[in-house]
>>> print(open('coords-v8.tsv').read())   # TSV, C-alpha atoms
chain	number	residue	atom	x	y	z
L	5	MET	CA	121.62	86.43	134.97
L	6	GLU	CA	124.57	88.15	136.61
L	7	ASN	CA	126.77	88.72	133.56
L	8	LYS	CA	124.45	89.81	130.81
L	9	LEU	CA	125.75	90.29	127.27
L	10	ARG	CA	126.49	93.90	126.41
L	11	ILE	CA	125.25	94.89	122.98
L	12	GLY	CA	126.20	97.66	120.57
L	13	ILE	CA	123.77	98.63	117.80
L	14	ILE	CA	125.29	99.95	114.58
L	15	GLY	CA	122.53	101.44	112.45
L	16	CYS	CA	119.47	102.83	114.23
L	17	GLY	CA	117.09	103.00	111.27
L	18	GLY	CA	113.99	101.06	110.27
L	19	ILE	CA	115.02	97.46	110.89
L	20	ALA	CA	116.57	98.37	114.25
L	21	ASN	CA	113.36	99.99	115.45
L	22	GLN	CA	110.93	97.58	113.80
L	23	LYS	CA	112.57	94.32	114.83
L	24	HIS	CA	115.79	94.26	116.83
L	25	LEU	CA	115.42	96.91	119.52
L	26	PRO	CA	111.82	96.03	120.51
L	27	SER	CA	112.87	92.37	120.61
L	28	LEU	CA	115.96	92.98	122.73
L	29	ALA	CA	113.83	95.04	125.11
L	30	GLN	CA	111.97	91.81	125.92
L	31	LEU	CA	115.23	89.95	126.53
L	32	SER	CA	116.62	92.11	129.31
L	33	ASP	CA	117.43	88.98	131.31
L	34	LEU	CA	120.02	88.08	128.66
L	35	SER	CA	121.39	91.41	127.51
L	36	ASP	CA	121.72	95.17	127.84
L	37	VAL	CA	121.98	97.54	124.89
L	38	VAL	CA	124.82	99.84	125.91
L	39	GLY	CA	125.85	101.48	122.63
L	40	PHE	CA	123.88	103.15	119.83
L	41	CYS	CA	125.58	104.25	116.61
L	42	ASP	CA	124.25	105.91	113.47
L	43	VAL	CA	125.72	108.30	110.90
L	44	ILE	CA	122.64	110.42	111.60
L	45	VAL	CA	123.40	110.88	115.27
L	46	GLU	CA	119.89	112.09	116.09
L	47	ARG	CA	118.60	108.59	115.31
L	48	ALA	CA	121.09	107.08	117.73
L	49	ILE	CA	120.06	109.56	120.42
L	50	GLU	CA	116.38	108.77	119.89
L	51	ALA	CA	117.06	105.02	120.05
L	52	LYS	CA	119.02	105.43	123.28
L	53	GLU	CA	116.22	107.45	124.86
L	54	LYS	CA	113.69	104.73	124.01
L	55	TYR	CA	115.73	101.55	124.49
L	56	GLY	CA	118.87	102.44	126.41
L	57	SER	CA	119.77	103.56	129.90
L	58	ASP	CA	121.46	106.60	131.39
L	59	ASP	CA	124.79	104.80	131.03
L	60	SER	CA	124.30	103.91	127.35
L	61	LYS	CA	126.56	105.74	124.92
L	62	VAL	CA	125.83	107.33	121.54
L	63	TYR	CA	128.19	107.32	118.55
L	64	SER	CA	128.21	108.61	114.99
L	65	ASP	CA	131.32	106.55	114.06
L	66	TYR	CA	131.18	102.77	114.46
L	67	HIS	CA	134.95	102.61	114.96
L	68	GLU	CA	134.48	104.48	118.24
L	69	LEU	CA	131.79	102.06	119.41
L	70	LEU	CA	134.06	99.11	118.62
L	71	LYS	CA	136.77	100.55	120.87
L	72	ASP	CA	134.56	99.85	123.89
L	73	GLU	CA	136.06	96.59	125.18
L	74	SER	CA	133.05	95.96	127.41
L	75	ILE	CA	130.76	95.41	124.40
L	76	ASP	CA	130.36	91.70	123.68
L	77	VAL	CA	127.99	91.66	120.71
L	78	VAL	CA	127.44	93.94	117.74
L	79	TYR	CA	124.29	94.14	115.62
L	80	VAL	CA	125.10	95.42	112.10
L	81	LEU	CA	121.85	97.01	110.86
L	82	THR	CA	123.10	99.27	108.07
L	83	PRO	CA	122.70	99.40	104.26
L	84	ASN	CA	124.01	96.35	102.43
L	85	ASN	CA	127.18	97.91	101.03
L	86	SER	CA	128.48	98.62	104.54
L	87	HIS	CA	127.90	95.15	106.01
L	88	CYS	CA	131.38	93.94	105.07
L	89	PRO	CA	133.63	96.68	106.47
L	90	ILE	CA	131.66	97.00	109.70
L	91	THR	CA	131.47	93.24	110.28
L	92	VAL	CA	135.16	92.72	109.56
L	93	ALA	CA	136.08	95.56	111.92
L	94	ALA	CA	133.80	94.14	114.62
L	95	PHE	CA	135.48	90.73	114.44
L	96	GLU	CA	138.90	92.36	114.55
L	97	ALA	CA	137.72	94.15	117.71
L	98	GLY	CA	136.76	90.81	119.28
L	99	LYS	CA	132.97	91.09	119.06
L	100	HIS	CA	130.28	88.53	118.23
L	101	VAL	CA	128.27	89.74	115.21
L	102	LEU	CA	124.68	89.53	114.05
L	103	CYS	CA	124.45	91.13	110.61
L	104	GLU	CA	121.14	91.87	108.96
L	105	LYS	CA	120.26	90.14	105.71
L	106	PRO	CA	121.57	89.80	103.11
L	107	MET	CA	125.06	88.91	104.30
L	108	ALA	CA	126.55	91.28	101.71
L	109	ALA	CA	125.89	92.78	98.29
L	110	THR	CA	128.67	90.69	96.69
L	111	SER	CA	130.17	87.27	97.31
L	112	GLU	CA	133.62	88.88	97.51
L	113	ASP	CA	132.47	90.96	100.47
L	114	ALA	CA	130.73	87.95	102.01
L	115	LYS	CA	133.92	85.89	101.73
L	116	GLN	CA	135.88	88.63	103.54
L	117	MET	CA	133.30	88.50	106.33
L	118	LEU	CA	133.64	84.72	106.58
L	119	ASP	CA	137.42	84.91	106.70
L	120	ALA	CA	137.35	87.55	109.45
L	121	TRP	CA	134.86	85.48	111.45
L	122	LYS	CA	136.95	82.32	111.26
L	123	LYS	CA	140.02	84.19	112.46
L	124	SER	CA	138.14	85.78	115.35
L	125	GLY	CA	136.84	82.70	117.15
L	126	LYS	CA	133.59	84.58	117.77
L	127	LYS	CA	129.97	83.78	116.85
L	128	PHE	CA	128.39	85.02	113.61
L	129	THR	CA	124.86	84.91	112.21
L	130	ILE	CA	122.68	86.64	109.61
L	131	GLY	CA	119.17	88.04	110.17
L	132	TYR	CA	116.96	85.52	108.37
L	133	GLN	CA	114.23	85.61	111.02
L	134	ASN	CA	111.61	83.99	108.76
L	135	ARG	CA	113.10	80.59	109.60
L	136	LEU	CA	111.48	80.96	113.02
L	137	ARG	CA	107.89	81.31	111.85
L	138	ARG	CA	105.74	78.45	113.13
L	139	GLU	CA	104.71	77.04	109.74
L	140	VAL	CA	108.32	77.25	108.55
L	141	GLN	CA	109.52	75.30	111.58
L	142	THR	CA	106.82	72.69	110.97
L	143	LEU	CA	107.87	72.23	107.35
L	144	ARG	CA	111.53	72.04	108.32
L	145	LYS	CA	110.70	69.17	110.71
L	146	ALA	CA	108.90	67.39	107.88
L	147	CYS	CA	111.94	67.82	105.64
L	148	ASP	CA	114.26	66.57	108.39
L	149	GLU	CA	112.08	63.47	108.71
L	150	ASP	CA	112.25	62.89	104.92
L	151	ALA	CA	108.47	63.28	104.62
L	152	LEU	CA	108.87	64.89	101.19
L	153	GLY	CA	111.57	62.54	99.94
L	154	GLU	CA	114.14	63.96	97.52
L	155	ILE	CA	113.26	67.59	96.79
L	156	TYR	CA	114.24	68.03	93.15
L	157	PHE	CA	112.22	71.12	92.17
L	158	ALA	CA	111.35	74.20	94.20
L	159	LYS	CA	110.09	77.76	93.84
L	160	ALA	CA	111.19	80.65	96.03
L	161	HIS	CA	108.47	83.31	96.17
L	162	ALA	CA	109.03	87.00	96.98
L	163	VAL	CA	106.35	88.85	95.02
L	164	ARG	CA	104.38	91.88	96.06
L	165	ARG	CA	101.57	93.26	93.93
L	166	LYS	CA	102.52	96.87	94.71
L	167	ALA	CA	104.52	97.54	97.86
L	168	VAL	CA	107.67	99.45	97.01
L	169	PRO	CA	109.47	100.64	100.18
L	170	THR	CA	109.64	104.43	100.06
L	171	TRP	CA	111.88	105.05	103.07
L	172	GLY	CA	115.57	104.61	103.77
L	173	VAL	CA	117.88	103.63	100.88
L	174	PHE	CA	115.92	100.74	99.38
L	175	GLN	CA	115.88	102.37	95.93
L	176	ASP	CA	119.58	103.37	96.07
L	177	LYS	CA	121.59	100.86	94.00
L	178	GLU	CA	124.97	101.91	95.38
L	179	ALA	CA	123.89	101.57	99.00
L	180	GLN	CA	121.83	98.40	98.63
L	181	GLY	CA	123.32	96.60	95.63
L	182	GLY	CA	119.90	95.99	94.12
L	183	GLY	CA	116.16	96.06	94.64
L	184	PRO	CA	113.59	93.38	95.47
L	185	LEU	CA	115.92	90.49	94.61
L	186	ILE	CA	118.43	91.39	97.30
L	187	ASP	CA	115.78	92.80	99.67
L	188	ILE	CA	113.00	90.21	99.82
L	189	GLY	CA	114.19	87.58	97.33
L	190	THR	CA	116.97	86.82	99.78
L	191	HIS	CA	114.45	85.60	102.40
L	192	ALA	CA	112.63	83.32	99.97
L	193	LEU	CA	115.87	81.82	98.69
L	194	ASP	CA	117.18	81.28	102.23
L	195	LEU	CA	114.03	79.39	103.22
L	196	THR	CA	114.09	77.25	100.08
L	197	LEU	CA	117.76	76.23	100.33
L	198	TRP	CA	117.35	75.54	104.05
L	199	MET	CA	114.37	73.25	103.46
L	200	MET	CA	116.19	71.40	100.69
L	201	GLY	CA	119.41	71.17	102.72
L	202	ASN	CA	121.15	71.85	99.43
L	203	TYR	CA	123.91	74.48	99.19
L	204	LYS	CA	125.74	73.47	96.02
L	205	PRO	CA	124.62	75.62	93.07
L	206	VAL	CA	126.37	75.00	89.75
L	207	SER	CA	124.64	77.38	87.32
L	208	VAL	CA	122.38	80.41	87.40
L	209	THR	CA	120.35	82.16	84.69
L	210	GLY	CA	118.46	85.36	85.39
L	211	SER	CA	116.34	88.24	84.17
L	212	ILE	CA	115.80	91.64	85.74
L	213	PHE	CA	113.26	94.28	84.74
L	214	HIS	CA	113.02	98.06	85.06
L	215	LYS	CA	109.45	98.46	83.84
L	216	MET	CA	107.41	100.00	86.65
L	217	ALA	CA	109.46	102.90	88.06
L	218	ASP	CA	106.95	105.50	86.89
L	219	GLN	CA	103.84	103.53	87.95
L	220	VAL	CA	103.52	105.11	91.40
L	221	GLU	CA	99.74	105.03	91.78
L	222	GLY	CA	98.31	102.64	94.35
L	223	ASN	CA	101.54	101.81	96.17
L	224	LEU	CA	100.93	100.43	99.66
L	225	PHE	CA	103.57	102.74	101.15
L	226	GLY	CA	102.61	105.82	99.14
L	227	PRO	CA	104.15	107.28	95.98
L	228	TRP	CA	107.87	107.25	95.32
L	229	ASP	CA	110.05	109.55	93.24
L	230	PRO	CA	110.63	107.86	89.84
L	231	SER	CA	113.80	109.89	89.33
L	232	THR	CA	115.48	108.20	92.31
L	233	PHE	CA	114.26	104.66	91.56
L	234	GLU	CA	117.65	103.17	90.60
L	235	VAL	CA	117.07	99.46	91.18
L	236	GLU	CA	115.12	96.74	89.42
L	237	ASP	CA	111.41	96.39	90.11
L	238	SER	CA	111.42	92.64	89.36
L	239	ALA	CA	114.01	89.87	89.12
L	240	PHE	CA	113.78	86.18	88.30
L	241	GLY	CA	116.34	83.41	88.55
L	242	PHE	CA	116.73	79.79	87.44
L	243	ILE	CA	119.19	77.91	89.64
L	244	LYS	CA	120.54	74.43	89.02
L	245	MET	CA	122.18	72.49	91.83
L	246	GLU	CA	125.02	69.97	91.68
L	247	ASN	CA	122.64	67.04	92.15
L	248	GLY	CA	120.37	68.25	89.34
L	249	ALA	CA	117.74	69.85	91.57
L	250	THR	CA	116.30	73.08	90.19
L	251	ILE	CA	114.99	76.24	91.87
L	252	PHE	CA	112.95	79.05	90.30
L	253	LEU	CA	113.20	82.33	92.21
L	254	GLU	CA	110.70	85.14	91.66
L	255	SER	CA	111.01	88.55	93.31
L	256	SER	CA	109.23	91.85	92.80
L	257	TRP	CA	108.09	94.88	94.71
L	258	VAL	CA	105.51	95.70	92.04
L	259	LEU	CA	104.10	93.03	89.74
L	260	ASN	CA	100.66	93.02	88.15
L	261	THR	CA	99.59	89.70	89.60
L	262	THR	CA	97.00	88.51	92.09
L	263	ASP	CA	99.32	85.71	93.24
L	264	ALA	CA	101.42	87.75	95.66
L	265	LYS	CA	103.54	85.71	98.06
L	266	GLU	CA	106.55	86.71	100.13
L	267	ALA	CA	109.06	84.80	102.26
L	268	ALA	CA	107.36	81.72	100.84
L	269	THR	CA	108.43	78.49	99.17
L	270	THR	CA	107.06	75.61	97.11
L	271	LEU	CA	108.79	72.23	97.37
L	272	CYS	CA	108.28	69.22	95.11
L	273	GLY	CA	109.65	65.93	96.37
L	274	THR	CA	109.48	62.27	95.42
L	275	LYS	CA	107.19	61.40	98.36
L	276	ALA	CA	105.16	64.60	98.73
L	277	GLY	CA	105.04	68.30	98.00
L	278	ALA	CA	104.58	71.32	100.24
L	279	GLU	CA	103.86	75.00	99.93
L	280	ILE	CA	104.17	77.83	102.38
L	281	ILE	CA	101.70	80.57	101.51
L	282	HIS	CA	102.64	83.85	103.13
L	283	GLY	CA	102.22	87.54	102.40
L	284	MET	CA	102.80	90.90	104.03
L	285	GLY	CA	101.00	91.18	107.36
L	286	LYS	CA	99.31	87.78	107.03
L	287	PRO	CA	99.97	84.63	109.08
L	288	GLY	CA	101.61	81.93	107.03
L	289	ARG	CA	99.91	78.72	105.92
L	290	LEU	CA	101.46	75.34	105.24
L	291	VAL	CA	99.85	73.05	102.64
L	292	ILE	CA	101.12	69.51	102.04
L	293	ASN	CA	100.11	67.39	99.05
L	294	LYS	CA	100.70	63.65	98.60
L	295	SER	CA	99.19	60.33	97.56
L	296	GLU	CA	97.53	58.31	100.32
L	297	HIS	CA	95.39	55.16	100.16
L	298	GLY	CA	95.22	55.44	96.40
L	299	GLU	CA	93.97	59.02	96.45
L	300	LEU	CA	95.53	62.45	95.98
L	301	VAL	CA	95.39	64.22	99.33
L	302	THR	CA	95.92	67.85	100.30
L	303	GLN	CA	96.45	68.64	103.97
L	304	GLU	CA	96.76	71.94	105.81
L	305	PRO	CA	98.13	71.36	109.32
L	306	THR	CA	96.80	73.72	111.97
L	307	VAL	CA	99.70	75.97	112.89
L	308	ILE	CA	99.02	77.81	116.13
L	309	GLY	CA	100.48	81.24	116.76
L	310	GLY	CA	101.36	82.51	113.29
L	311	VAL	CA	102.94	85.95	113.59
L	312	ASP	CA	103.73	88.94	111.41
L	313	PHE	CA	107.25	89.76	110.18
L	314	PHE	CA	108.24	92.11	113.01
L	315	ASP	CA	105.85	91.14	115.80
L	316	ALA	CA	107.75	91.92	118.99
L	317	SER	CA	105.50	89.85	121.25
L	318	ALA	CA	107.00	87.01	123.26
L	319	ALA	CA	106.14	84.64	120.39
L	320	GLY	CA	107.35	87.03	117.70
L	321	VAL	CA	110.04	85.92	115.31
L	322	GLY	CA	112.22	88.92	116.19
L	323	VAL	CA	112.29	87.95	119.85
L	324	GLN	CA	112.93	84.32	118.99
L	325	GLU	CA	115.72	85.30	116.62
L	326	SER	CA	117.62	87.31	119.22
L	327	LYS	CA	116.88	84.80	122.00
L	328	GLN	CA	118.36	81.82	120.17
L	329	TRP	CA	121.29	83.97	118.99
L	330	LEU	CA	122.16	85.27	122.45
L	331	GLU	CA	121.75	81.81	123.96
L	332	ALA	CA	124.10	80.40	121.32
L	333	ILE	CA	126.76	82.84	122.54
L	334	ILE	CA	126.10	82.14	126.21
L	335	ASN	CA	125.99	78.35	125.76
L	336	ASP	CA	128.67	78.18	123.04
L	337	THR	CA	126.36	76.48	120.54
L	338	GLU	CA	125.65	77.16	116.87
L	339	PRO	CA	123.05	79.81	115.96
L	340	LEU	CA	120.13	78.79	113.76
L	341	VAL	CA	121.43	80.66	110.70
L	342	LYS	CA	124.96	79.59	109.84
L	343	PRO	CA	127.12	82.16	108.00
L	344	GLU	CA	128.22	79.58	105.42
L	345	GLU	CA	124.56	79.12	104.40
L	346	ALA	CA	124.05	82.87	104.09
L	347	PHE	CA	127.17	83.06	101.90
L	348	VAL	CA	125.59	80.72	99.34
L	349	VAL	CA	122.45	82.89	99.25
L	350	THR	CA	124.59	85.93	98.43
L	351	GLN	CA	126.54	83.93	95.85
L	352	ILE	CA	123.34	82.98	94.01
L	353	LEU	CA	121.77	86.46	94.16
L	354	GLU	CA	124.94	88.00	92.74
L	355	ALA	CA	124.94	85.41	89.94
L	356	ILE	CA	121.34	86.27	89.00
L	357	TYR	CA	122.29	89.93	88.61
L	358	LYS	CA	125.36	88.99	86.54
L	359	ALA	CA	123.40	86.59	84.37
L	360	ALA	CA	120.76	89.24	83.67
L	361	GLU	CA	123.42	91.83	82.85
L	362	THR	CA	125.44	89.60	80.51
L	363	GLY	CA	122.65	87.48	79.06
L	364	GLU	CA	124.70	84.39	79.88
L	365	THR	CA	124.37	81.44	82.23
L	366	ILE	CA	126.74	81.93	85.16
L	367	LYS	CA	128.69	78.85	86.17
L	368	LEU	CA	129.53	78.36	89.84
L	369	ASN	CA	132.32	76.05	90.92
L	370	THR	CA	131.18	73.94	93.84
L	371	ASP	CA	134.80	73.00	94.55
L	372	GLU	CA	135.29	76.63	95.60
L	373	ALA	CA	132.07	76.81	97.57
L	374	VAL	CA	132.15	77.29	101.30
L	375	THR	CA	132.11	74.00	103.16
L	376	LEU	CA	129.20	73.80	105.57
L	377	SER	CA	130.12	72.76	109.08
>>> encode(input="coords-v8.tsv", output="structure tokens")
Amino acid sequence: MENKLRIGIIGCGGIANQKHLPSLAQLSDLSDVVGFCDVIVERAIEAKEKYGSDDSKVYSDYHELLKDESIDVVYVLTPNNSHCPITVAAFEAGKHVLCEKPMAATSEDAKQMLDAWKKSGKKFTIGYQNRLRREVQTLRKACDEDALGEIYFAKAHAVRRKAVPTWGVFQDKEAQGGGPLIDIGTHALDLTLWMMGNYKPVSVTGSIFHKMADQVEGNLFGPWDPSTFEVEDSAFGFIKMENGATIFLESSWVLNTTDAKEAATTLCGTKAGAEIIHGMGKPGRLVINKSEHGELVTQEPTVIGGVDFFDASAAGVGVQESKQWLEAIINDTEPLVKPEEAFVVTQILEAIYKAAETGETIKLNTDEAVTLS
């Protein structure tokens, strides 16, 4: 490819090094990473040395990176509270933008991002890479073919038994906007809404808990400092849609349960039901249940090539995510994750936090909801 896309990375922390940069390294026929930016400039330097070239530039201020008119695409890989200002500035600078999940910590910020995108004429997507897992793609095809019928009840699962992230700013409420709900609950909710094809929530009730901050023993990622644990350890939401469909969302980094599932969903339809069973570091499974020939039948399709969250192999979801995104820019097509869909995820997550804080059911006006293209 003669004119490869030129990419600027803003935020050279964990998600950049675990998913995006290793994936982009396998897509050198489509792109070159030419700019690395981080407020901790040493991280940007290290990323350039590993994934850049002699001509790549390093920045500590994203405004300076955005001044480079040769950069076509920006990856926003920073804490949640900075997604909005960086994304808006990138669109104003004429860049295409991939922003990591969630879209923003608040729906107000997310709406600003949508408005800036629509004015820019550029492409925009959010990093919900779990849509590209094999079993997820298989279930989506089944939903598209109406194999489940009307999906009127669903569960979005994002529960870890004890795996609190102890790096970065995951426990910093100001930087992230919340804990497991906004971190991993966002993936489960995205998958569930996408399968249902339903983006019109009308009411949300929620509960959040701060019960386990001092229970550091046995954590998968080692002990954390209870004095800096500012976010919830668990959050649960009950979401009602305009057509009466209902979703239960469960999210936790540390819950005393043996039924741990993450980036998973359960769907109950009029023709059949389905469940994606998935946990950290384990290939996902798809189980379908239905009535057939007068009997209750449970089927588990063989899904070849299940991969971990951040597998950077050719079949890895990170590579697939960037490949379809870059090709959408090159071919002027829509990316897999539409920003309007990600906006509704943020809208619901924010409502769960508000409902838990106020003890009230939060009403959402679908007349004001973002219209999906």
>>> closest_atom_pairs(input="coords-v8.tsv", of="region 58-109 of chain L", to="region 34-41 of chain L", cutoff="9 Å", atoms="only C-alpha atoms", output="JSON lines")
{"residue": "L:Asp59", "atom": "CA", "partner": "L:Val38", "partner_atom": "CA", "distance": 7.1}
{"residue": "L:Ser60", "atom": "CA", "partner": "L:Val38", "partner_atom": "CA", "distance": 4.3}
{"residue": "L:Lys61", "atom": "CA", "partner": "L:Gly39", "partner_atom": "CA", "distance": 4.9}
{"residue": "L:Val62", "atom": "CA", "partner": "L:Phe40", "partner_atom": "CA", "distance": 4.9}
{"residue": "L:Tyr63", "atom": "CA", "partner": "L:Cys41", "partner_atom": "CA", "distance": 4.5}
{"residue": "L:Ser64", "atom": "CA", "partner": "L:Cys41", "partner_atom": "CA", "distance": 5.3}
{"residue": "L:Asp65", "atom": "CA", "partner": "L:Cys41", "partner_atom": "CA", "distance": 6.7}
{"residue": "L:Tyr66", "atom": "CA", "partner": "L:Cys41", "partner_atom": "CA", "distance": 6.2}
{"residue": "L:Leu69", "atom": "CA", "partner": "L:Gly39", "partner_atom": "CA", "distance": 6.8}
{"residue": "L:Asp72", "atom": "CA", "partner": "L:Gly39", "partner_atom": "CA", "distance": 9.0}
{"residue": "L:Ile75", "atom": "CA", "partner": "L:Val38", "partner_atom": "CA", "distance": 7.6}
>>> closest_atom_pairs(input="coords-v8.tsv", of="region 185-271 of chain L", to="region 350-366 of chain L", cutoff="6 Å", atoms="only C-alpha atoms", output="JSON lines")
{"residue": "L:Ser207", "atom": "CA", "partner": "L:Ile366", "partner_atom": "CA", "distance": 5.5}
{"residue": "L:Val208", "atom": "CA", "partner": "L:Ile366", "partner_atom": "CA", "distance": 5.1}
{"residue": "L:Thr209", "atom": "CA", "partner": "L:Thr365", "partner_atom": "CA", "distance": 4.8}
{"residue": "L:Gly210", "atom": "CA", "partner": "L:Ile356", "partner_atom": "CA", "distance": 4.7}
{"residue": "L:Ser211", "atom": "CA", "partner": "L:Ala360", "partner_atom": "CA", "distance": 4.6}
{"residue": "L:Ile212", "atom": "CA", "partner": "L:Ala360", "partner_atom": "CA", "distance": 5.9}
{"residue": "L:Gly241", "atom": "CA", "partner": "L:Ile356", "partner_atom": "CA", "distance": 5.8}
>>> residues_around(input="coords-v8.tsv", residues="region 266-276 of chain L", least_positions_apart="3", cutoff="7 Å", atoms="all atoms listed in the file", output="PyMOL selection string")
chain L and resi 151-164+191-192+195-196+279-284+293-294
>>> closest_residue(input="coords-v8.tsv", among="L:Met245, L:Ile188, L:Gln180, L:Pro169", to="Val220 (chain L)", atoms="all atoms listed in the file")
L:Pro169
>>> residues_around(input="coords-v8.tsv", residues="Gly183 (chain L)", least_positions_apart="4", cutoff="9 Å", atoms="only C-alpha atoms", output="NGL selection string")
:L and (174-177 or 187-188 or 234-239 or 256-257)
>>> atom_distance(input="coords-v8.tsv", atom1="CA of Ser86 (chain L)", atom2="CA of Lys204 (chain L)")
26.7 Å
>>> closest_residue(input="coords-v8.tsv", among="L:Pro83, L:Gly125, L:Gly189, L:Gly288", to="Glu96 (chain L)", atoms="only C-alpha atoms")
L:Gly125
>>> residues_near_point(input="coords-v8.tsv", point="(124.3, 107.3, 108.5)", cutoff="8 Å", atoms="all atoms listed in the file", output="list in words")
Gly15, Asp42, Val43, Ile44, Val45 and Ser64 of chain L
>>> atom_distance(input="coords-v8.tsv", atom1="CA of Cys88 (chain L)", atom2="CA of Leu9 (chain L)")
23.2 Å
>>> atom_distance(input="coords-v8.tsv", atom1="CA of Val323 (chain L)", atom2="CA of Gln30 (chain L)")
7.2 Å
>>> residues_around(input="coords-v8.tsv", residues="Val206 (chain L)", least_positions_apart="6", cutoff="9 Å", atoms="all atoms listed in the file", output="list in words")
Ile243, Lys244, Met245, Glu246, Ile366, Lys367, Leu368, Asn369 and Thr370 of chain L
>>> residues_around(input="coords-v8.tsv", residues="region 111-118 of chain L", least_positions_apart="6", cutoff="12 Å", atoms="only C-alpha atoms", output="ChimeraX atom specification")
/L:84-96,101-103,105,124-130,181,342-355,358,368,372-376
>>> write_last_selection(input="coords-v8.tsv", atoms="C-alpha atoms", output="PDB file, in the coordinates of the input")
ATOM      1  CA  ASN L  84     124.010  96.350 102.430  1.00  0.00           C
ATOM      2  CA  ASN L  85     127.180  97.910 101.030  1.00  0.00           C
ATOM      3  CA  SER L  86     128.480  98.620 104.540  1.00  0.00           C
ATOM      4  CA  HIS L  87     127.900  95.150 106.010  1.00  0.00           C
ATOM      5  CA  CYS L  88     131.380  93.940 105.070  1.00  0.00           C
ATOM      6  CA  PRO L  89     133.630  96.680 106.470  1.00  0.00           C
ATOM      7  CA  ILE L  90     131.660  97.000 109.700  1.00  0.00           C
ATOM      8  CA  THR L  91     131.470  93.240 110.280  1.00  0.00           C
ATOM      9  CA  VAL L  92     135.160  92.720 109.560  1.00  0.00           C
ATOM     10  CA  ALA L  93     136.080  95.560 111.920  1.00  0.00           C
ATOM     11  CA  ALA L  94     133.800  94.140 114.620  1.00  0.00           C
ATOM     12  CA  PHE L  95     135.480  90.730 114.440  1.00  0.00           C
ATOM     13  CA  GLU L  96     138.900  92.360 114.550  1.00  0.00           C
ATOM     14  CA  VAL L 101     128.270  89.740 115.210  1.00  0.00           C
ATOM     15  CA  LEU L 102     124.680  89.530 114.050  1.00  0.00           C
ATOM     16  CA  CYS L 103     124.450  91.130 110.610  1.00  0.00           C
ATOM     17  CA  LYS L 105     120.260  90.140 105.710  1.00  0.00           C
ATOM     18  CA  SER L 124     138.140  85.780 115.350  1.00  0.00           C
ATOM     19  CA  GLY L 125     136.840  82.700 117.150  1.00  0.00           C
ATOM     20  CA  LYS L 126     133.590  84.580 117.770  1.00  0.00           C
ATOM     21  CA  LYS L 127     129.970  83.780 116.850  1.00  0.00           C
ATOM     22  CA  PHE L 128     128.390  85.020 113.610  1.00  0.00           C
ATOM     23  CA  THR L 129     124.860  84.910 112.210  1.00  0.00           C
ATOM     24  CA  ILE L 130     122.680  86.640 109.610  1.00  0.00           C
ATOM     25  CA  GLY L 181     123.320  96.600  95.630  1.00  0.00           C
ATOM     26  CA  LYS L 342     124.960  79.590 109.840  1.00  0.00           C
ATOM     27  CA  PRO L 343     127.120  82.160 108.000  1.00  0.00           C
ATOM     28  CA  GLU L 344     128.220  79.580 105.420  1.00  0.00           C
ATOM     29  CA  GLU L 345     124.560  79.120 104.400  1.00  0.00           C
ATOM     30  CA  ALA L 346     124.050  82.870 104.090  1.00  0.00           C
ATOM     31  CA  PHE L 347     127.170  83.060 101.900  1.00  0.00           C
ATOM     32  CA  VAL L 348     125.590  80.720  99.340  1.00  0.00           C
ATOM     33  CA  VAL L 349     122.450  82.890  99.250  1.00  0.00           C
ATOM     34  CA  THR L 350     124.590  85.930  98.430  1.00  0.00           C
ATOM     35  CA  GLN L 351     126.540  83.930  95.850  1.00  0.00           C
ATOM     36  CA  ILE L 352     123.340  82.980  94.010  1.00  0.00           C
ATOM     37  CA  LEU L 353     121.770  86.460  94.160  1.00  0.00           C
ATOM     38  CA  GLU L 354     124.940  88.000  92.740  1.00  0.00           C
ATOM     39  CA  ALA L 355     124.940  85.410  89.940  1.00  0.00           C
ATOM     40  CA  LYS L 358     125.360  88.990  86.540  1.00  0.00           C
ATOM     41  CA  LEU L 368     129.530  78.360  89.840  1.00  0.00           C
ATOM     42  CA  GLU L 372     135.290  76.630  95.600  1.00  0.00           C
ATOM     43  CA  ALA L 373     132.070  76.810  97.570  1.00  0.00           C
ATOM     44  CA  VAL L 374     132.150  77.290 101.300  1.00  0.00           C
ATOM     45  CA  THR L 375     132.110  74.000 103.160  1.00  0.00           C
ATOM     46  CA  LEU L 376     129.200  73.800 105.570  1.00  0.00           C
TER      47      LEU L 376
END
>>> closest_residue(input="coords-v8.tsv", among="L:Lys327, L:Arg289, L:Lys166, L:Lys265", to="Gly222 (chain L)", atoms="all atoms listed in the file")
L:Lys166
>>> closest_residue(input="coords-v8.tsv", among="L:Ile49, L:Leu224, L:Val78, L:Val258", to="Ser326 (chain L)", atoms="only C-alpha atoms")
L:Val78
